[in-house]
Every structure is written in C-alpha cells, then in structure tokens.
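S.K.: To start, I am sharing the structure in question, which I have written as structure tokens.
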Amino acid sequence: MLNLLEGLNPVQREAVTHDKNSLLILAGPGSGKTRVITTKVAYLIQELRIDPNSILAVTFTNKAASEMRERAVALSPEARFTSITTFHSFCARMLRKYGTFAGLTSDFSIYDTDDSMTLFRSLYPEFTKKEAGEILRKISKLKNFDIDLRLSTMSNLSLDSSYYEKYQAALLRANAVDFDDLILHFTKILKNQPEVKMRIASQYRYILVDEYQDSNLVQFELLKQLYSPGTYLCVVGDEDQSIYRFRGAEIENILRFSEYFKDVETIRLEQNYRSTPNILKAASALIAKNESRLGKSIWTENSEGKEVGLKYFSSNIDEIEFCANVVREGSYSDTAILYRTNAQSFAFERGFTALGIPYKLVGALRFFDRAEIKDLIAWISFLLNPCDIVAFKRIANKPARGFGGVAQKKAIAQSQESGTDLLQSTREIALGASSKKKPHKSIEFVKLCELFMQDIENLTLDKLLLNIFIESGLKMFYEDHDKNNDSSKIDNVKEFIDFSARYGVGREALSAMLERISLDSQFAQEQEGNDDVVTLITIHNTKGLEFPKVIISGLEEGIFPSARSLENNDLEEERRLLYVAMTRAQQELYLTYCSNKNIWGFERSFGKSLFAKELEDILNQTPSGSNDSTDHPYKRGQGVYQDDYGYGVITKAVGEGKNLLVFVQFETGFVGRFLPEFDSLELVESRY
DNA sequence: TCGCGTCCCATTTTT
DNA sequence: TGGGACGCGA
C-alpha cells in the first residue's frame, strides 16, 4: 500500500494524502501533477477504501483524460470503475440520462462547429459564412460566460438576442446541442432540479479537476452545483499555463475557488522533474514578463543540459533541413515540432515526406471531418434522431435523387408546423401531395430510411454502414469522384467502416460511436501503430505532453504572437502559450524564425516577432542557423530559371565547383535541386 | 435542379 | 496556390 507514495517528494505526498475540506494544488510544468492526481485516485481507492464509482476525475482534453485513466488503472486496477473523463463527455453522459429536463430525448445529436454553422445559416441565409461565424462565436462566448444568459451583462458582445434565441430554438427542435450546451444544459438541470442534484451529489463524493486554470465560468458553476456539504474537491492548476481564454477560460477561477469553497488548503508543486535548468531558466524569464500572475518559482535538480537554441533561417528549406538534422540524432519519436497554427504543419509534412522522415500529425484535419465520413455520420445521426435537420440537409439529396432544396424546405416547414420529425413530414408530403399521381421522388429517401432503420437492430455497425454506403448511392457517387479527382475517399470510408466494427450492434452501439466521434477529435489517429515518428502538433494540443527534444517553429511577426492577439490585447495569453511550449522540452529546446516563407505559392518575407526579440535578450545569444552559401554566382533571389514547371527562383546554393548544388523554387510550389553545368541547369532530383 | 466555370479570399488556438 | 461561394446556362 505504502508503495503508492514511494518516490514522491514530501509536497507531492502531502497533496496525495490530503483528505480534508478542499484542496487547491498550484502545480508548475513538469512538477508531476498528473502523477499526483492519478496516485490520489489510487490512494483513495486502495488506502481509504473509497468506492471507485464515487470518484469523478475531469479534465479538458480526451488525450489528458485517457492518459489519466491509464495511469490510474496501472496504479490501482479498480480505478477502471472511476469516471475519468472530460467535462464535455461527462455532461453528455448525464444529459443522455437527464436531458428530458432540458427538452432533449436520449438520442439527441451533438453539433460541432460546422453543424452549428449549417443550422445557423439555414435560419439566416442572408449572412455570409464569415458573418455567421462571428455571431456564433459571440453566442458561444455568452454560453461560456453566463449561465443565466443575461445578454445585458454581456453588452460588450453587442449580440442581438434574437439571433441567440432563434438559434437555440432551432437546436431544440432538432433535438440537438452544441458543445457549449452540453455543459450549460446539465448545469442548469442541476440548478433547477433538486432531486437530480441530490442523486448526482450523493454519487460523486470525490471530485478531482485537472488543468483547472482552463475552466470557464460555466464550468465553475458546474463544480458549484456538483458540490454539496461533505464533497471532497481537489483542483490542480497553473495560472501560467492558462491558454484557453478565447474559449472563456478564467484564470480568476483559481482565486474564486478559494473564496467560494470552505477552508481551502493550497499546496504548491514547484520542483520540476522534466526539463534542464537551461530550459527552465529561459521559460521562467519569459513568463516573468507577464503581469497577471500569482507568481511561483520553479526549480530542478536536473543536470544543466544543452543551451536553448534560437535559430534564424532565411528560407523554409533551411529551416526544415535544420529540423531534419535535429530529428535524425536519436529516435524520431524524441522530437516534436510545435507551432502556433495548424496551417504551419503543411511545410513540415511536405518536407519530411520528401526527406523520408516519418511523422504523425496531431489533431489537425480531423479524420471525421472529411466530407465522405461526415456523410455516413449524418446518416446514422439522422436514423437515431430524425429531428436532426443538419444531418437531414446533408443526406437528403446526396447523391441527387430529386429531393432538392425546394422539396426539403416543404418537409422542414411541415415538420415545424405539425411537430413531427423530418422523416414523418417527408413521408406525408411525398404521399399526400398526390393521392392519384405518383408520389413525389422524395419517397425514395423515406424508403431508404425505413430500410436502414430495420437494419439498425440486426446488423453490426460495419455491415450497417456498408449497407448505407451502397444503398444510398454514396458509394457510386464517391467512386466517380475518386476517378475524376484522383482522390481516395473510398479508402477513407473503408477505413471508417472497419473501425466501426468494434462497436457491435444496435442503437446503443451506434450512439456510443457517435458520441466518441463528436467529442474526441483525435482518436482516429491513435490506432496507427508505428511509434517511432516525429510529432507535428499545435501548442494547444501539447498540454500535458513532454518530449526529449522540442522545436518551436515560427517566431515570425504576426504568426506568434498572432496578429489577432495583439489587436485584442491578448499578448499575455500568447506568452503563456510560448511558456507552455518551451516547458514541454526535457533535454533540448530550439526556437526558429524564418525570414522568408512560401505562402499561397508566393514567397513572403517576415520580420522576427516580439517573442524572438525577447528571447534574444533572455538568452543573450546571437542567433545562428542561417546558412546562405557565399562564393558562387547562384545567390538567393538572383537568376530566374524556366522550364516545363514554369518560372523558378534560386532559393539556395551549397557547395563549390563540381559539388555545387542549386535549389530552385518554382512559382507552382515545386522545388527542384539542380546541378549547374556551364550556363544551363539540369534537374538531378525532385524534392517535393 | 445540377453541373460547370469564374472569381475571391485565406490562417488563430479546441471541446 | 486551391477550395468554396456564387452565377449562369442547360
């Protein structure tokens, strides 16, 4: 039993064994907070003999949740009965049970950002995508900020309340919720339904929250509602790592916690076990430039390690070559490339592919966001929830079966008038409009639905999906598409169908799969087995992760810190983001800036960002890395080359004499490597 | 209703 | 560059 505590330092031990009142743990990066939380779960179960079912451990990302689960179960097998999950998944599960109090059936759909957009634009077709997105963002902010949704308190949002109300009514009609609703609805139910609150409160006696600094006001309200006298509450957070303010996260929740809950004890974990002193020194000096912090000092007993490297390059190609060299020393999986925006991954993907370096891309384009996959998902959403208007619009006439916009609108209007679901209203219109003539073509759609609905109870998910794919005509549709566009959508669908096999038979299975898909953006990629690969990842996604070697790319003006954040006065949040990124590194840390980058097919030049300058000061380092060669006629930007690929500009030249190599980048984005002989160039190798 | 051509714009970050 | 929105003609 006591071996649970073995290897913990005294402060960590205190945090694990603490069991009175409420506990606030302020934990610096790499201070072993996940270890503390998971050990605490195991300790509660094994040492204090707490029923694992009465423990609730929540965090914000699925990745963090599954890691927490794995580690807790490793320490104490009974932890598998504990709810270790994300805020959103937990609330979704509760809403399946108690959603009637919010006007939902247990088959409600969960709308992602795209679905919300489709729904909103069906209500307000006059808005462009951009305008609609803006309004939806405001609505989301409101939902994250204010449980009672008093628009007046958010007057600075300048949101017309009718948008909100109409959108919300449409969601309810569709028996659907958006991400924010998951938490909002359940919190409201707890607030307004004492008997539900009683049941939940008597079940979850121990509540642990990780990454608490990322919670927003509604989540704080949820905690308040989950709490009852006798509940043990423990939250772990670090104000310096709060990076979700744009989503409504309130650092102040850390202060509020001590104010609201009784007799809160505070424990600080400041010893870092992850990084070298050099890395910590740089990261601490950087974050010290922020004004709004509680302040804490982190330290380590680790050995010195390499210096932090600030690297400047004059071209993208140089940068990628540098990264490739770092990557190649040691295992691929030792290195992670971190960047501010998803779009930045593209250059690395192309470059690494060309250089034969295996990589995995974390969380960028979600597998389930592909159109062909979304089609199938829409089908099962609609079969489970025939009120789901977004799914309906997606599948009703794809491929074209004579059930276009006009007929769809009729069906939608009819369903709203009579309060029936969309399948029923489509059926009525198709048959009713013409008792003598042939029924409207939309009857085809109705027949398909009826067919598939029978299949739900009888077929395993993969068989069901395959059936839908073939019978709906989507298979033919995408076969044509693949032929005409050289795409591989059919393969993607196959992969999806294979994957679905594990979910078994029936409505429950279907709904479990849907929920996983909509709430866990990453998990399709996790199954791929080859482990020794470089990680390409946005900084937001690195929360809780660590790597021996970290390269933070793109300290360019307007990129990091982002131009938008400067406009919005969010510089401190960006600095926290950089702090999070830097403190992911265990052994080696490099930060790169690149003065010329190819964007949208054209070369653009960038200045170095504020952060690059701050780090120059901090590291007191003359940046190194740019390796333009010197003595030959082939200089960057000089000389234009033309062949079948179009016009190209010299981007780099290395070596001398016979060994001289010249890199030429064409305006198409194609990059060639050339051997200059006499006055002509010969293609020796295509690199991209 | 649908397919094709043209034009325009683009990149925060996630559940 | 390239994907999406929009308009026009069949």
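Naming scheme: A, B, ... for chains in displayed order of the structure tokens; residues 1 onward per chain; ligands 1 onward as shown.
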Please identify the strand (DSSP E) residues within region 21-176 of chain A (assignment by DSSP from backbone atoms) and present them as a list of chain:residue names.
M.R.: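 Across region 21-176 of chain A, those assigned strand (DSSP E) are A:Ser22, A:Leu23, A:Leu24, A:Ile25, A:Leu26, A:Ala27, A:Ile55, A:Leu56, A:Ala57, A:Val58, A:Thr59, A:Ser83, A:Ile84, A:Thr85, A:Thr86, A:Ser109, A:Ile110, A:Tyr111, A:Ala176.
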S.K.: Would you kindly return, as a list in words, each protein, DNA or RNA residue with an atom no farther than 12 Å from any atom of DG5 (chain B), considering only C-alpha atoms (C1' of nucleotides) and excluding same-chain residues fewer than 5 positions away?
M.R.: DC6, DG7, DC8 and DG9 of chain C
S.K.: Create the file for the chosen residues now, containing N, CA and C atoms (P, O5', C5', C4', C3', O3' and C1' of nucleotides) and written as a PDB file, in the first residue's frame.
M.R.:
ATOM      1  P    DC C   6     -22.642  32.650 -51.354  1.00  0.00           P
ATOM      2  O5'  DC C   6     -22.814  33.244 -52.820  1.00  0.00           O
ATOM      3  C5'  DC C   6     -21.782  34.051 -53.398  1.00  0.00           C
ATOM      4  C4'  DC C   6     -21.866  33.936 -54.906  1.00  0.00           C
ATOM      5  C3'  DC C   6     -23.293  33.831 -55.448  1.00  0.00           C
ATOM      6  O3'  DC C   6     -23.545  34.939 -56.302  1.00  0.00           O
ATOM      7  C1'  DC C   6     -21.849  32.257 -56.485  1.00  0.00           C
ATOM      8  P    DG C   7     -25.030  35.178 -56.841  1.00  0.00           P
ATOM      9  O5'  DG C   7     -24.804  35.074 -58.410  1.00  0.00           O
ATOM     10  C5'  DG C   7     -23.573  35.495 -59.003  1.00  0.00           C
ATOM     11  C4'  DG C   7     -23.515  34.996 -60.443  1.00  0.00           C
ATOM     12  C3'  DG C   7     -24.877  34.958 -61.143  1.00  0.00           C
ATOM     13  O3'  DG C   7     -24.711  35.346 -62.497  1.00  0.00           O
ATOM     14  C1'  DG C   7     -23.946  32.777 -61.094  1.00  0.00           C
ATOM     15  P    DC C   8     -25.984  35.768 -63.345  1.00  0.00           P
ATOM     16  O5'  DC C   8     -25.803  34.933 -64.693  1.00  0.00           O
ATOM     17  C5'  DC C   8     -24.502  34.659 -65.206  1.00  0.00           C
ATOM     18  C4'  DC C   8     -24.508  33.315 -65.909  1.00  0.00           C
ATOM     19  C3'  DC C   8     -25.763  33.067 -66.755  1.00  0.00           C
ATOM     20  O3'  DC C   8     -25.376  32.702 -68.068  1.00  0.00           O
ATOM     21  C1'  DC C   8     -25.335  31.214 -65.349  1.00  0.00           C
ATOM     22  P    DG C   9     -26.415  32.926 -69.237  1.00  0.00           P
ATOM     23  O5'  DG C   9     -26.365  31.539 -70.003  1.00  0.00           O
ATOM     24  C5'  DG C   9     -25.142  30.821 -70.145  1.00  0.00           C
ATOM     25  C4'  DG C   9     -25.443  29.338 -70.140  1.00  0.00           C
ATOM     26  C3'  DG C   9     -26.643  28.937 -71.013  1.00  0.00           C
ATOM     27  O3'  DG C   9     -26.292  27.801 -71.774  1.00  0.00           O
ATOM     28  C1'  DG C   9     -26.919  28.087 -68.818  1.00  0.00           C
TER      29       DG C   9
END
S.K.: Taking only C-alpha atoms (C1' of nucleotides) into account, which residues of chain C are within 10 Å of chain A, as a PyMOL selection string?
M.R.: chain C and resi 1-2+5
S.K.: May I have a table of the residues of chain A lying at most 10 Å from chain B, giving each one's closest pair of atoms and their distance in Å to one decimal, counting only C-alpha atoms (C1' of nucleotides), ordered by chain and ascending residue number, as JSON lines?
M.R.:
{"residue": "A:Phe60", "atom": "CA", "partner": "B:DT15", "partner_atom": "C1'", "distance": 7.6}
{"residue": "A:Thr61", "atom": "CA", "partner": "B:DT15", "partner_atom": "C1'", "distance": 7.4}
{"residue": "A:Asn62", "atom": "CA", "partner": "B:DT15", "partner_atom": "C1'", "distance": 9.2}
{"residue": "A:Thr86", "atom": "CA", "partner": "B:DT15", "partner_atom": "C1'", "distance": 8.9}
{"residue": "A:Phe87", "atom": "CA", "partner": "B:DT15", "partner_atom": "C1'", "distance": 8.7}
{"residue": "A:His88", "atom": "CA", "partner": "B:DT15", "partner_atom": "C1'", "distance": 6.7}
{"residue": "A:Ser89", "atom": "CA", "partner": "B:DT15", "partner_atom": "C1'", "distance": 9.3}
{"residue": "A:Asp112", "atom": "CA", "partner": "B:DT15", "partner_atom": "C1'", "distance": 8.9}
{"residue": "A:Thr113", "atom": "CA", "partner": "B:DT15", "partner_atom": "C1'", "distance": 9.9}
{"residue": "A:Asp178", "atom": "CA", "partner": "B:DT15", "partner_atom": "C1'", "distance": 9.8}
{"residue": "A:Phe179", "atom": "CA", "partner": "B:DT15", "partner_atom": "C1'", "distance": 6.2}
{"residue": "A:Asp180", "atom": "CA", "partner": "B:DT15", "partner_atom": "C1'", "distance": 8.1}
{"residue": "A:Leu182", "atom": "CA", "partner": "B:DT15", "partner_atom": "C1'", "distance": 9.9}
{"residue": "A:Ile243", "atom": "CA", "partner": "B:DT13", "partner_atom": "C1'", "distance": 8.2}
{"residue": "A:Tyr244", "atom": "CA", "partner": "B:DT13", "partner_atom": "C1'", "distance": 7.7}
{"residue": "A:Arg245", "atom": "CA", "partner": "B:DT13", "partner_atom": "C1'", "distance": 9.6}
{"residue": "A:Phe246", "atom": "CA", "partner": "B:DT13", "partner_atom": "C1'", "distance": 7.8}
{"residue": "A:Arg247", "atom": "CA", "partner": "B:DT14", "partner_atom": "C1'", "distance": 8.0}
{"residue": "A:Arg340", "atom": "CA", "partner": "B:DT13", "partner_atom": "C1'", "distance": 7.5}
{"residue": "A:Thr341", "atom": "CA", "partner": "B:DT12", "partner_atom": "C1'", "distance": 6.2}
{"residue": "A:Asn342", "atom": "CA", "partner": "B:DT11", "partner_atom": "C1'", "distance": 8.2}
{"residue": "A:Ala343", "atom": "CA", "partner": "B:DT11", "partner_atom": "C1'", "distance": 6.6}
{"residue": "A:Gln344", "atom": "CA", "partner": "B:DT11", "partner_atom": "C1'", "distance": 9.0}
{"residue": "A:Gly363", "atom": "CA", "partner": "B:DT14", "partner_atom": "C1'", "distance": 9.8}
{"residue": "A:Ala400", "atom": "CA", "partner": "B:DC2", "partner_atom": "C1'", "distance": 8.7}
{"residue": "A:Gly402", "atom": "CA", "partner": "B:DT1", "partner_atom": "C1'", "distance": 7.8}
{"residue": "A:Phe403", "atom": "CA", "partner": "B:DT1", "partner_atom": "C1'", "distance": 9.2}
{"residue": "A:Gly404", "atom": "CA", "partner": "B:DT1", "partner_atom": "C1'", "distance": 7.0}
{"residue": "A:Gly405", "atom": "CA", "partner": "B:DT1", "partner_atom": "C1'", "distance": 8.8}
{"residue": "A:Val406", "atom": "CA", "partner": "B:DT1", "partner_atom": "C1'", "distance": 9.6}
{"residue": "A:Ser518", "atom": "CA", "partner": "B:DT15", "partner_atom": "C1'", "distance": 9.3}
{"residue": "A:Leu519", "atom": "CA", "partner": "B:DT15", "partner_atom": "C1'", "distance": 6.7}
{"residue": "A:Asp520", "atom": "CA", "partner": "B:DT15", "partner_atom": "C1'", "distance": 8.3}
{"residue": "A:Ser521", "atom": "CA", "partner": "B:DT15", "partner_atom": "C1'", "distance": 8.8}
{"residue": "A:Thr538", "atom": "CA", "partner": "B:DT13", "partner_atom": "C1'", "distance": 8.3}
{"residue": "A:Ile539", "atom": "CA", "partner": "B:DT13", "partner_atom": "C1'", "distance": 8.3}
{"residue": "A:His540", "atom": "CA", "partner": "B:DT13", "partner_atom": "C1'", "distance": 6.3}
{"residue": "A:Asn541", "atom": "CA", "partner": "B:DT14", "partner_atom": "C1'", "distance": 8.5}
{"residue": "A:Ile559", "atom": "CA", "partner": "B:DT12", "partner_atom": "C1'", "distance": 9.0}
{"residue": "A:Phe560", "atom": "CA", "partner": "B:DT12", "partner_atom": "C1'", "distance": 9.8}
{"residue": "A:Pro561", "atom": "CA", "partner": "B:DT12", "partner_atom": "C1'", "distance": 9.9}
{"residue": "A:Ser562", "atom": "CA", "partner": "B:DT12", "partner_atom": "C1'", "distance": 7.0}
{"residue": "A:Ala563", "atom": "CA", "partner": "B:DT12", "partner_atom": "C1'", "distance": 8.9}
{"residue": "A:Arg564", "atom": "CA", "partner": "B:DT12", "partner_atom": "C1'", "distance": 7.4}
{"residue": "A:Ser565", "atom": "CA", "partner": "B:DT12", "partner_atom": "C1'", "distance": 8.4}
{"residue": "A:Glu574", "atom": "CA", "partner": "B:DT13", "partner_atom": "C1'", "distance": 9.7}
{"residue": "A:Leu577", "atom": "CA", "partner": "B:DT13", "partner_atom": "C1'", "distance": 9.5}
{"residue": "A:Trp600", "atom": "CA", "partner": "B:DA10", "partner_atom": "C1'", "distance": 8.7}
S.K.: Name the residues in contact with region 375-382 of chain A at a cut-off of 6 Å, using only C-alpha atoms (C1' of nucleotides), excluding same-chain residues fewer than 4 positions from it; report them as a count of residues only.
M.R.: 3
S.K.: If you count only C-alpha atoms (C1' of nucleotides), which residues fall within 10 Å of Phe606 (chain A), apart from same-chain ones fewer than 3 positions away, as a list of chain:residue names?
M.R.: A:Ser314, A:Gly554, A:Leu555, A:Glu556, A:Glu557, A:Gly558, A:Ile559, A:Tyr593, A:Cys594, A:Ser595, A:Asn596, A:Lys597, A:Glu603, A:Ser609
S.K.: Measure the distance from CA of Ser553 (chain A) to CA of Cys323 (chain A) in Å and round it to one decimal.
M.R.: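 Separation of CA of Ser553 (chain A) and CA of Cys323 (chain A): 9.4 Å.
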S.K.: From region 26-261 of chain A, collect each residue whose DSSP state is alpha helix (DSSP H) and return the set as a ChimeraX atom specification.
M.R.: /A:33-46,62-75,87-98,113-123,129-145,161-173,179-192,194-203,217-226,252-260
S.K.: If we count only C-alpha atoms (C1' of nucleotides) and set the cut-off at 9 Å, which residues sit around Ala176 (chain A), ignoring sequence neighbours fewer than 4 positions away in its own chain? Please answer as a ChimeraX atom specification.
M.R.: /A:104,107-111,170-172,385,387-388
S.K.: Would you save the residues of that selection, restricted to N, CA, C and O atoms, as a PDB file, in the first residue's frame?
M.R.:
ATOM      1  N   LEU A 104     -34.684  17.490 -24.190  1.00  0.00           N
ATOM      2  CA  LEU A 104     -33.981  16.621 -25.133  1.00  0.00           C
ATOM      3  C   LEU A 104     -34.375  15.169 -24.899  1.00  0.00           C
ATOM      4  O   LEU A 104     -34.642  14.777 -23.776  1.00  0.00           O
ATOM      5  N   ASP A 107     -31.610  10.489 -27.471  1.00  0.00           N
ATOM      6  CA  ASP A 107     -30.938  10.331 -28.761  1.00  0.00           C
ATOM      7  C   ASP A 107     -30.473  11.662 -29.359  1.00  0.00           C
ATOM      8  O   ASP A 107     -30.238  11.752 -30.563  1.00  0.00           O
ATOM      9  N   PHE A 108     -30.351  12.674 -28.527  1.00  0.00           N
ATOM     10  CA  PHE A 108     -30.005  13.992 -29.077  1.00  0.00           C
ATOM     11  C   PHE A 108     -28.685  13.955 -29.856  1.00  0.00           C
ATOM     12  O   PHE A 108     -27.801  13.147 -29.565  1.00  0.00           O
ATOM     13  N   SER A 109     -28.571  14.829 -30.839  1.00  0.00           N
ATOM     14  CA  SER A 109     -27.335  14.927 -31.625  1.00  0.00           C
ATOM     15  C   SER A 109     -26.419  15.971 -31.007  1.00  0.00           C
ATOM     16  O   SER A 109     -26.883  16.923 -30.381  1.00  0.00           O
ATOM     17  N   ILE A 110     -25.123  15.780 -31.207  1.00  0.00           N
ATOM     18  CA  ILE A 110     -24.161  16.779 -30.760  1.00  0.00           C
ATOM     19  C   ILE A 110     -23.602  17.479 -31.987  1.00  0.00           C
ATOM     20  O   ILE A 110     -23.017  16.827 -32.857  1.00  0.00           O
ATOM     21  N   TYR A 111     -23.796  18.781 -32.078  1.00  0.00           N
ATOM     22  CA  TYR A 111     -23.355  19.533 -33.251  1.00  0.00           C
ATOM     23  C   TYR A 111     -21.952  20.086 -33.049  1.00  0.00           C
ATOM     24  O   TYR A 111     -21.671  20.733 -32.040  1.00  0.00           O
ATOM     25  N   ALA A 170     -33.948  26.481 -32.621  1.00  0.00           N
ATOM     26  CA  ALA A 170     -33.727  25.545 -33.720  1.00  0.00           C
ATOM     27  C   ALA A 170     -32.973  24.314 -33.239  1.00  0.00           C
ATOM     28  O   ALA A 170     -33.275  23.188 -33.656  1.00  0.00           O
ATOM     29  N   LEU A 171     -31.996  24.523 -32.368  1.00  0.00           N
ATOM     30  CA  LEU A 171     -31.273  23.389 -31.803  1.00  0.00           C
ATOM     31  C   LEU A 171     -32.235  22.448 -31.072  1.00  0.00           C
ATOM     32  O   LEU A 171     -32.195  21.237 -31.252  1.00  0.00           O
ATOM     33  N   LEU A 172     -33.083  23.054 -30.296  1.00  0.00           N
ATOM     34  CA  LEU A 172     -34.014  22.261 -29.508  1.00  0.00           C
ATOM     35  C   LEU A 172     -34.961  21.476 -30.427  1.00  0.00           C
ATOM     36  O   LEU A 172     -35.241  20.300 -30.199  1.00  0.00           O
ATOM     37  N   ASN A 385     -31.901  10.070 -34.746  1.00  0.00           N
ATOM     38  CA  ASN A 385     -32.594  11.293 -34.355  1.00  0.00           C
ATOM     39  C   ASN A 385     -33.169  11.986 -35.593  1.00  0.00           C
ATOM     40  O   ASN A 385     -32.560  12.885 -36.140  1.00  0.00           O
ATOM     41  N   CYS A 387     -35.118  14.162 -36.074  1.00  0.00           N
ATOM     42  CA  CYS A 387     -35.361  15.602 -35.996  1.00  0.00           C
ATOM     43  C   CYS A 387     -34.118  16.377 -36.404  1.00  0.00           C
ATOM     44  O   CYS A 387     -34.151  17.606 -36.513  1.00  0.00           O
ATOM     45  N   ASP A 388     -33.014  15.681 -36.594  1.00  0.00           N
ATOM     46  CA  ASP A 388     -31.724  16.326 -36.831  1.00  0.00           C
ATOM     47  C   ASP A 388     -31.690  16.966 -38.215  1.00  0.00           C
ATOM     48  O   ASP A 388     -31.379  16.339 -39.224  1.00  0.00           O
TER      49      ASP A 388
END
S.K.: Please indicate the distance in Å from CA of Leu294 (chain A) to CA of Ile25 (chain A), rounded to one decimal place.
M.R.: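 The value is 12.9 Å.
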